[in-house]
$ cat model35.txt   # compact mmCIF, C-alpha atoms
# COMPACT_ATOMS: atom_id res chain seq x y z
CA HIS A 1 3.13 8.41 4.85
CA THR A 2 1.57 5.47 6.64
CA GLY A 3 -1.51 3.32 6.80
CA ALA A 4 -1.09 2.66 10.51
CA GLY A 5 -4.33 3.48 12.30
CA ALA A 6 -2.60 3.94 15.66
CA ILE A 7 -1.81 7.61 14.95
CA HIS A 8 -5.35 8.44 13.88
CA GLY A 9 -6.81 11.38 15.84
CA LEU A 10 -3.60 13.32 16.54
CA ARG A 11 -4.01 17.04 15.86
CA TYR A 12 -0.65 17.55 14.20
CA VAL A 13 -0.74 14.45 11.99
CA PHE A 14 -2.52 14.00 8.66
CA THR A 15 -2.44 10.49 7.24
CA SER A 16 -2.94 9.32 3.73
CA PHE A 17 -2.97 5.66 2.73
CA PRO A 18 -6.00 3.51 3.51
CA PHE A 19 -5.43 1.87 6.88
CA TYR A 20 -3.57 -1.41 6.55
CA GLU A 21 -6.30 -3.36 8.32
CA ASP A 22 -8.86 -2.06 5.81
CA GLU A 23 -6.52 -2.81 2.91
CA CYS A 24 -6.23 -6.41 4.08
CA ARG A 25 -10.01 -6.81 4.43
CA TYR A 26 -10.57 -5.54 0.88
CA MET A 27 -8.00 -8.02 -0.42
CA LEU A 28 -9.43 -10.94 1.53
CA LYS A 29 -12.97 -10.32 0.28
CA TYR A 30 -11.65 -10.19 -3.27
CA LEU A 31 -9.58 -13.38 -2.92
CA VAL A 32 -12.52 -15.32 -1.52
CA ASN A 33 -15.52 -13.85 -3.34
CA GLU A 34 -13.97 -13.08 -6.73
CA ARG A 35 -11.13 -15.59 -7.03
CA GLY A 36 -12.64 -18.43 -5.01
CA HIS A 37 -9.59 -19.08 -2.82
CA ARG A 38 -10.31 -20.86 0.47
CA LYS A 39 -6.81 -21.76 1.69
CA LEU A 40 -4.88 -18.59 2.48
CA ALA A 41 -1.42 -18.03 3.92
CA ILE A 42 0.82 -15.11 4.78
CA ALA A 43 4.50 -14.27 4.80
CA TYR A 44 4.95 -11.23 6.99
CA ALA A 45 7.65 -8.98 8.38
CA ASP A 46 8.19 -9.82 12.04
CA ASN A 47 7.24 -6.34 13.28
CA ALA A 48 4.20 -4.15 13.86
CA TYR A 49 3.64 -3.66 10.12
CA GLY A 50 3.49 -7.37 9.41
CA TYR A 51 1.37 -8.10 12.47
CA LEU A 52 -1.40 -5.80 11.22
CA PHE A 53 -1.90 -7.99 8.14
CA ARG A 54 -1.37 -11.26 10.02
CA ASP A 55 -3.96 -10.33 12.64
CA ALA A 56 -6.48 -9.14 10.04
CA LEU A 57 -6.03 -12.44 8.18
CA ARG A 58 -6.72 -14.36 11.39
CA ALA A 59 -9.74 -12.22 12.27
CA GLU A 60 -11.67 -12.50 9.01
CA GLY A 61 -11.51 -16.25 8.39
CA ALA A 62 -14.76 -17.28 10.07
CA ALA A 63 -16.80 -14.50 8.47
CA LEU A 64 -15.44 -14.97 4.95
CA GLY A 65 -15.12 -18.75 5.03
CA TYR A 66 -11.42 -19.38 4.46
CA GLU A 67 -8.73 -21.30 6.33
CA VAL A 68 -5.36 -19.83 7.31
CA VAL A 69 -3.06 -22.72 6.40
CA SER A 70 0.34 -21.15 7.08
CA GLU A 71 1.91 -18.11 8.73
CA GLN A 72 5.58 -17.46 8.06
CA ALA A 73 7.36 -14.66 9.92
CA VAL A 74 10.41 -13.11 8.24
CA VAL A 75 12.80 -11.62 10.79
CA ASP A 76 15.71 -10.36 8.68
CA MET A 77 15.13 -7.27 6.55
CA ASN A 78 17.45 -8.65 3.86
CA PRO A 79 17.43 -12.42 4.35
CA ALA A 80 20.05 -14.64 2.73
CA THR A 81 17.37 -17.22 1.93
CA LEU A 82 13.70 -17.91 2.53
CA ALA A 83 13.86 -21.50 1.29
CA ALA A 84 12.37 -23.00 4.45
CA GLU A 85 9.57 -20.45 4.63
CA VAL A 86 8.62 -20.88 0.97
CA ALA A 87 8.70 -24.67 1.26
CA ALA A 88 6.39 -24.48 4.28
CA LEU A 89 3.98 -22.23 2.40
CA ARG A 90 3.91 -24.61 -0.56
CA ASP A 91 3.49 -27.70 1.61
CA SER A 92 0.56 -26.10 3.43
CA GLY A 93 -1.51 -26.24 0.25
CA ALA A 94 -1.96 -22.47 0.18
CA GLU A 95 -3.90 -21.23 -2.84
CA ALA A 96 -2.97 -17.59 -2.20
CA VAL A 97 -0.16 -16.03 -0.17
CA ILE A 98 -0.26 -12.47 1.14
CA MET A 99 3.18 -10.85 1.17
CA ALA A 100 3.17 -8.33 4.03
CA LEU A 101 6.88 -7.82 3.48
CA TYR A 102 9.47 -5.24 2.56
CA VAL A 103 11.05 -5.14 -0.88
CA GLU A 104 14.18 -7.23 -0.24
CA GLN A 105 12.18 -9.83 1.69
CA ALA A 106 9.58 -10.16 -1.06
CA GLN A 107 12.18 -10.42 -3.80
CA LYS A 108 13.87 -13.27 -1.94
CA LEU A 109 10.51 -15.02 -1.58
CA LEU A 110 9.89 -14.68 -5.32
CA GLN A 111 13.34 -16.10 -6.11
CA GLU A 112 12.77 -19.11 -3.87
CA LYS A 113 9.30 -19.64 -5.35
CA GLY A 114 10.88 -19.78 -8.80
CA ALA A 115 13.69 -22.05 -7.64
CA ILE A 116 11.24 -24.76 -6.53
CA GLY A 117 8.92 -24.30 -9.50
CA TRP A 118 5.91 -23.35 -7.41
CA ASP A 119 3.58 -21.95 -10.03
CA ASN A 120 0.08 -22.84 -8.86
CA VAL A 121 -0.25 -20.12 -6.23
CA GLN A 122 -1.59 -16.57 -6.26
CA LEU A 123 0.76 -14.05 -4.65
CA VAL A 124 -0.74 -10.87 -3.22
CA SER A 125 1.30 -7.72 -2.63
CA THR A 126 0.80 -5.08 0.06
CA GLY A 127 2.21 -1.66 0.93
CA PRO A 128 5.40 -0.81 -1.00
CA LEU A 129 5.08 -4.00 -3.04
CA THR A 130 2.04 -2.64 -4.87
CA ASP A 131 4.46 -0.69 -7.06
CA ALA A 132 5.14 -3.36 -9.67
CA ASN A 133 8.78 -2.27 -10.11
CA THR A 134 9.58 -3.67 -6.67
CA LEU A 135 8.68 -7.19 -7.86
CA ASN A 136 10.98 -7.31 -10.88
CA VAL A 137 13.30 -10.25 -10.25
CA ALA A 138 15.36 -12.42 -12.56
CA GLY A 139 13.26 -15.09 -14.22
CA GLY A 140 10.06 -13.05 -14.00
CA HIS A 141 8.85 -14.90 -10.90
CA GLY A 142 6.91 -11.85 -9.76
CA GLU A 143 4.65 -11.95 -12.82
CA GLY A 144 1.00 -12.54 -11.98
CA THR A 145 1.19 -11.02 -8.50
CA ILE A 146 -1.87 -8.93 -7.67
CA GLY A 147 -2.20 -6.09 -5.18
CA LEU A 148 -4.46 -3.28 -4.07
CA ASN A 149 -3.46 -0.11 -5.89
CA PHE A 150 -4.76 3.24 -4.64
CA TYR A 151 -4.29 5.37 -7.77
CA PRO A 152 -4.68 5.12 -11.55
CA ASP A 153 -1.47 3.90 -13.16
CA ALA A 154 1.18 6.63 -13.00
CA ALA A 155 2.71 5.71 -16.37
CA THR A 156 -0.39 5.14 -18.50
CA SER A 157 -3.45 6.89 -17.03
CA GLU A 158 -4.99 9.69 -19.07
CA GLU A 159 -6.61 11.39 -16.04
CA HIS A 160 -5.68 15.04 -16.51
CA GLY A 161 -4.00 15.29 -13.10
CA ILE A 162 -1.73 12.36 -13.91
CA VAL A 163 -0.94 13.72 -17.38
CA ALA A 164 0.12 16.98 -15.70
CA PHE A 165 2.23 14.98 -13.22
CA ARG A 166 4.06 13.18 -16.05
CA GLU A 167 4.69 16.46 -17.84
CA LEU A 168 6.23 17.96 -14.70
CA MET A 169 8.34 14.87 -14.11
CA GLU A 170 9.66 15.07 -17.65
CA GLU A 171 10.42 18.80 -17.22
CA TYR A 172 12.24 18.52 -13.88
CA HIS A 173 13.46 14.89 -13.97
CA PRO A 174 13.83 14.04 -17.66
CA GLY A 175 14.26 10.35 -18.35
CA LYS A 176 13.35 9.26 -14.83
CA ALA A 177 10.67 6.56 -14.75
CA VAL A 178 7.48 7.51 -12.93
CA ASN A 179 5.96 5.22 -10.32
CA ASN A 180 3.22 5.17 -7.70
CA TYR A 181 5.49 6.67 -5.05
CA SER A 182 6.56 9.72 -7.02
CA LEU A 183 2.87 10.21 -7.85
CA TYR A 184 2.05 9.84 -4.16
CA GLY A 185 4.54 12.53 -3.18
CA TYR A 186 3.23 14.81 -5.90
CA VAL A 187 -0.47 14.59 -5.00
CA TYR A 188 0.06 14.99 -1.27
CA GLY A 189 2.43 17.88 -1.89
CA LYS A 190 -0.42 19.52 -3.79
CA LEU A 191 -2.79 18.82 -0.88
CA ILE A 192 -0.39 20.48 1.57
CA LEU A 193 -0.05 23.44 -0.78
CA ALA A 194 -3.85 23.77 -0.81
CA GLY A 195 -3.80 23.99 2.98
CA LEU A 196 -1.03 26.59 2.97
CA GLU A 197 -2.88 28.71 0.42
CA ALA A 198 -6.09 28.48 2.44
CA ALA A 199 -4.23 29.53 5.60
CA GLY A 200 -3.30 32.86 4.00
CA PRO A 201 -0.09 34.91 3.92
CA ASN A 202 0.47 35.06 7.70
CA VAL A 203 0.64 31.31 8.15
CA THR A 204 1.28 29.73 11.53
CA ARG A 205 1.12 26.11 12.57
CA GLU A 206 -2.37 26.53 14.05
CA ARG A 207 -3.71 28.45 11.04
CA PHE A 208 -2.36 25.77 8.73
CA ILE A 209 -3.96 22.97 10.76
CA ASN A 210 -7.27 24.88 10.88
CA ALA A 211 -7.16 25.47 7.13
CA MET A 212 -6.46 21.81 6.42
CA GLU A 213 -9.40 20.83 8.61
CA GLU A 214 -11.70 23.04 6.55
CA LEU A 215 -10.79 21.56 3.17
CA GLU A 216 -13.89 20.14 1.51
CA ASP A 217 -14.00 18.15 -1.74
CA TRP A 218 -10.46 19.18 -2.67
CA PRO A 219 -9.93 18.11 -6.30
CA SER A 220 -6.79 16.23 -7.31
CA GLY A 221 -7.45 16.04 -11.02
CA GLY A 222 -8.54 12.42 -10.97
CA ILE A 223 -5.55 11.09 -9.04
CA MET A 224 -7.65 10.30 -5.99
CA PRO A 225 -11.25 10.92 -4.91
CA PRO A 226 -12.11 14.44 -3.65
CA VAL A 227 -10.62 15.00 -0.19
CA SER A 228 -12.58 16.42 2.74
CA LEU A 229 -10.95 16.83 6.16
CA SER A 230 -12.23 18.02 9.54
CA SER A 231 -11.15 18.41 13.15
CA SER A 232 -12.19 14.80 13.77
CA ASN A 233 -10.88 13.39 10.48
CA HIS A 234 -7.29 13.89 9.35
CA HIS A 235 -7.32 10.80 7.11
CA ALA A 236 -7.11 11.87 3.46
$ encode --input "model35.txt" --output "structure tokens"
Amino acid sequence: HTGAGAIHGLRYVFTSFPFYEDECRYMLKYLVNERGHRKLAIAYADNAYGYLFRDALRAEGAALGYEVVSEQAVVDMNPATLAAEVAALRDSGAEAVIMALYVEQAQKLLQEKGAIGWDNVQLVSTGPLTDANTLNVAGGHGEGTIGLNFYPDAATSEEHGIVAFRELMEEYHPGKAVNNYSLYGYVYGKLILAGLEAAGPNVTRERFINAMEELEDWPSGGIMPPVSLSSSNHHA
């Protein structure tokens, strides 16, 4: 469960999410070409996760024609305040701010944004923040945030695979709200099951890996595009 490209190519690892660097490039092209933003900024977790987005933001500026006007590192996982960081982002003239943050960090940023009445900015979510439930804060200051979502909406999509997912959730977890992460666990559980079934009744680690590498156009019922894996590609 990672978009970190550093583990790509390991025989005993299958990865899932689009790589974070690719995710950031898709977002940047959209912000510039579709939304017309030219002054971009980032608030990022001060660790390897945050650096991936920060470095991608730095790398694409010349090619896409935008300026990075502010970079704000967030050290604490659950900060008491981000008032200084939010003020610096606002004062930079940023038109859009990428939040490469964890949930508690992002919620604090949203609260501070609301406290200073900073409304003329586009916030962009990444990673866990692309589940909209993580951005629900008092005052509704997360409203209007956009983010790259990898699946049809878990609660509303009529794709038959997602309808089946909701039915199973209601059967085994009645009353529990569905979200992108329970859908994620469900669809990749089904992918692993497909590999186990293909490996046959006398499954071993090596037979399972070999079977996974031979999956071609595995159907998920519309949850994600057909999945093909190989010995050189473990990225679903």
$ residues_around --input "model35.txt" --residues "Glu143 of chain A" --least-positions-apart "4" --cutoff "10 Å" --atoms "all atoms listed in the file" --output "mmCIF file with C-alpha atoms, keeping the file's coordinate frame"
data_model
loop_
_atom_site.group_PDB
_atom_site.id
_atom_site.type_symbol
_atom_site.label_atom_id
_atom_site.label_comp_id
_atom_site.auth_asym_id
_atom_site.auth_seq_id
_atom_site.Cartn_x
_atom_site.Cartn_y
_atom_site.Cartn_z
ATOM 1 C CA LEU A 110 9.890 -14.680 -5.320
ATOM 2 C CA LEU A 123 0.760 -14.050 -4.650
ATOM 3 C CA ALA A 132 5.140 -3.360 -9.670
ATOM 4 C CA LEU A 135 8.680 -7.190 -7.860
ATOM 5 C CA ASN A 136 10.980 -7.310 -10.880
ATOM 6 C CA VAL A 137 13.300 -10.250 -10.250
ATOM 7 C CA GLY A 139 13.260 -15.090 -14.220
#
$ atom_distance --input "model35.txt" --atom1 "atom CA of Phe53 of chain A" --atom2 "atom CA of Arg38 of chain A"
17.2 Å
$ atom_distance --input "model35.txt" --atom1 "atom CA of His160 of chain A" --atom2 "atom CA of Tyr188 of chain A"
16.3 Å
$ atom_distance --input "model35.txt" --atom1 "atom CA of Val227 of chain A" --atom2 "atom CA of Leu31 of chain A"
28.5 Å
$ residues_around --input "model35.txt" --residues "segment 61-73 of chain A" --least-positions-apart "2" --cutoff "7 Å" --atoms "only C-alpha atoms" --output "list in words"
Arg38, Lys39, Leu40, Ala41, Ile42, Ala43, Tyr44, Ala45, Asp46, Leu57, Arg58, Ala59, Val75, Glu85, Leu89, Ser92 and Ala94 of chain A
$ residues_around --input "model35.txt" --residues "Ala198 of chain A" --least-positions-apart "5" --cutoff "12 Å" --atoms "all atoms listed in the file" --output "compact mmCIF listing (two decimals) with C-alpha atoms, in the coordinates of the input"
# COMPACT_ATOMS: atom_id res chain seq x y z
CA LEU A 191 -2.79 18.82 -0.88
CA ILE A 192 -0.39 20.48 1.57
CA LEU A 193 -0.05 23.44 -0.78
CA VAL A 203 0.64 31.31 8.15
CA THR A 204 1.28 29.73 11.53
CA ARG A 207 -3.71 28.45 11.04
CA PHE A 208 -2.36 25.77 8.73
CA ILE A 209 -3.96 22.97 10.76
CA ASN A 210 -7.27 24.88 10.88
CA ALA A 211 -7.16 25.47 7.13
CA MET A 212 -6.46 21.81 6.42
CA GLU A 213 -9.40 20.83 8.61
CA GLU A 214 -11.70 23.04 6.55
CA LEU A 215 -10.79 21.56 3.17
CA GLU A 216 -13.89 20.14 1.51
CA TRP A 218 -10.46 19.18 -2.67
$ residues_around --input "model35.txt" --residues "Phe14 of chain A" --least-positions-apart "3" --cutoff "10 Å" --atoms "all atoms listed in the file" --output "MDAnalysis selection string"
chainID A and resid 1:2 7:11 192 209 212:213 229 233:236
$ residues_around --input "model35.txt" --residues "Gly117 of chain A" --least-positions-apart "4" --cutoff "12 Å" --atoms "only C-alpha atoms" --output "PyMOL selection string"
chain A and resi 86-87+90+110-113+121+139+141
$ closest_residue --input "model35.txt" --among "A:Met224, A:Leu196, A:Leu129, A:Ala155" --to "Glu104 of chain A" --atoms "all atoms listed in the file"
A:Leu129
$ closest_residue --input "model35.txt" --among "A:Ala83, A:Leu101, A:Val13, A:Leu28" --to "Tyr51 of chain A" --atoms "all atoms listed in the file"
A:Leu101
$ closest_residue --input "model35.txt" --among "A:Ala96, A:Ala138, A:Met169, A:Ala84" --to "Asp119 of chain A" --atoms "only C-alpha atoms"
A:Ala96
$ axis_aligned_box --input "model35.txt" --around "segment 158-176 of chain A" --padding-each-side "4 Å" --output "JSON"
{"center_x": 3.8, "center_y": 14.0, "center_z": -16.1, "size_x": 28.9, "size_y": 17.5, "size_z": 14.0}
$ closest_residue --input "model35.txt" --among "A:Gly221, A:Val124, A:Gly147, A:Leu82" --to "Ile162 of chain A" --atoms "only C-alpha atoms"
A:Gly221
$ closest_residue --input "model35.txt" --among "A:Pro174, A:Pro79, A:Gly189, A:Gly161" --to "Pro225 of chain A" --atoms "only C-alpha atoms"
A:Gly161
$ closest_residue --input "model35.txt" --among "A:Ser157, A:Glu171, A:Val97, A:Tyr184" --to "Met27 of chain A" --atoms "only C-alpha atoms"
A:Val97
$ decode --input "model35.txt" --residues "segment 186-201 of chain A" --atoms "N, CA and C atoms" --output "PDB file, in the first residue's frame"
ATOM      1  N   TYR A 186     -10.630  -3.846  -0.484  1.00  0.00           N
ATOM      2  CA  TYR A 186     -11.485  -4.848  -1.119  1.00  0.00           C
ATOM      3  C   TYR A 186     -10.938  -5.259  -2.482  1.00  0.00           C
ATOM      4  N   VAL A 187     -10.619  -4.295  -3.345  1.00  0.00           N
ATOM      5  CA  VAL A 187     -10.228  -4.644  -4.710  1.00  0.00           C
ATOM      6  C   VAL A 187      -8.861  -5.315  -4.745  1.00  0.00           C
ATOM      7  N   TYR A 188      -7.944  -4.908  -3.871  1.00  0.00           N
ATOM      8  CA  TYR A 188      -6.647  -5.576  -3.874  1.00  0.00           C
ATOM      9  C   TYR A 188      -6.700  -6.919  -3.166  1.00  0.00           C
ATOM     10  N   GLY A 189      -7.637  -7.078  -2.230  1.00  0.00           N
ATOM     11  CA  GLY A 189      -7.873  -8.418  -1.695  1.00  0.00           C
ATOM     12  C   GLY A 189      -8.346  -9.366  -2.779  1.00  0.00           C
ATOM     13  N   LYS A 190      -9.219  -8.869  -3.659  1.00  0.00           N
ATOM     14  CA  LYS A 190      -9.700  -9.691  -4.774  1.00  0.00           C
ATOM     15  C   LYS A 190      -8.566 -10.019  -5.747  1.00  0.00           C
ATOM     16  N   LEU A 191      -7.659  -9.080  -5.953  1.00  0.00           N
ATOM     17  CA  LEU A 191      -6.519  -9.328  -6.842  1.00  0.00           C
ATOM     18  C   LEU A 191      -5.607 -10.417  -6.261  1.00  0.00           C
ATOM     19  N   ILE A 192      -5.352 -10.352  -4.966  1.00  0.00           N
ATOM     20  CA  ILE A 192      -4.543 -11.389  -4.312  1.00  0.00           C
ATOM     21  C   ILE A 192      -5.231 -12.744  -4.393  1.00  0.00           C
ATOM     22  N   LEU A 193      -6.545 -12.750  -4.202  1.00  0.00           N
ATOM     23  CA  LEU A 193      -7.299 -13.999  -4.312  1.00  0.00           C
ATOM     24  C   LEU A 193      -7.168 -14.592  -5.718  1.00  0.00           C
ATOM     25  N   ALA A 194      -7.190 -13.724  -6.731  1.00  0.00           N
ATOM     26  CA  ALA A 194      -7.018 -14.206  -8.109  1.00  0.00           C
ATOM     27  C   ALA A 194      -5.666 -14.884  -8.283  1.00  0.00           C
ATOM     28  N   GLY A 195      -4.628 -14.332  -7.667  1.00  0.00           N
ATOM     29  CA  GLY A 195      -3.311 -14.952  -7.731  1.00  0.00           C
ATOM     30  C   GLY A 195      -3.254 -16.279  -7.008  1.00  0.00           C
ATOM     31  N   LEU A 196      -3.906 -16.350  -5.840  1.00  0.00           N
ATOM     32  CA  LEU A 196      -3.930 -17.610  -5.087  1.00  0.00           C
ATOM     33  C   LEU A 196      -4.682 -18.691  -5.852  1.00  0.00           C
ATOM     34  N   GLU A 197      -5.792 -18.324  -6.469  1.00  0.00           N
ATOM     35  CA  GLU A 197      -6.564 -19.299  -7.241  1.00  0.00           C
ATOM     36  C   GLU A 197      -5.759 -19.787  -8.446  1.00  0.00           C
ATOM     37  N   ALA A 198      -5.040 -18.869  -9.092  1.00  0.00           N
ATOM     38  CA  ALA A 198      -4.239 -19.254 -10.258  1.00  0.00           C
ATOM     39  C   ALA A 198      -3.057 -20.134  -9.860  1.00  0.00           C
ATOM     40  N   ALA A 199      -2.573 -19.987  -8.628  1.00  0.00           N
ATOM     41  CA  ALA A 199      -1.439 -20.784  -8.170  1.00  0.00           C
ATOM     42  C   ALA A 199      -1.820 -22.236  -7.929  1.00  0.00           C
ATOM     43  N   GLY A 200      -3.106 -22.522  -7.724  1.00  0.00           N
ATOM     44  CA  GLY A 200      -3.550 -23.893  -7.534  1.00  0.00           C
ATOM     45  C   GLY A 200      -3.567 -24.313  -6.082  1.00  0.00           C
ATOM     46  N   PRO A 201      -3.984 -25.552  -5.814  1.00  0.00           N
ATOM     47  CA  PRO A 201      -4.212 -26.006  -4.430  1.00  0.00           C
ATOM     48  C   PRO A 201      -2.931 -26.191  -3.622  1.00  0.00           C
TER      49      PRO A 201
END
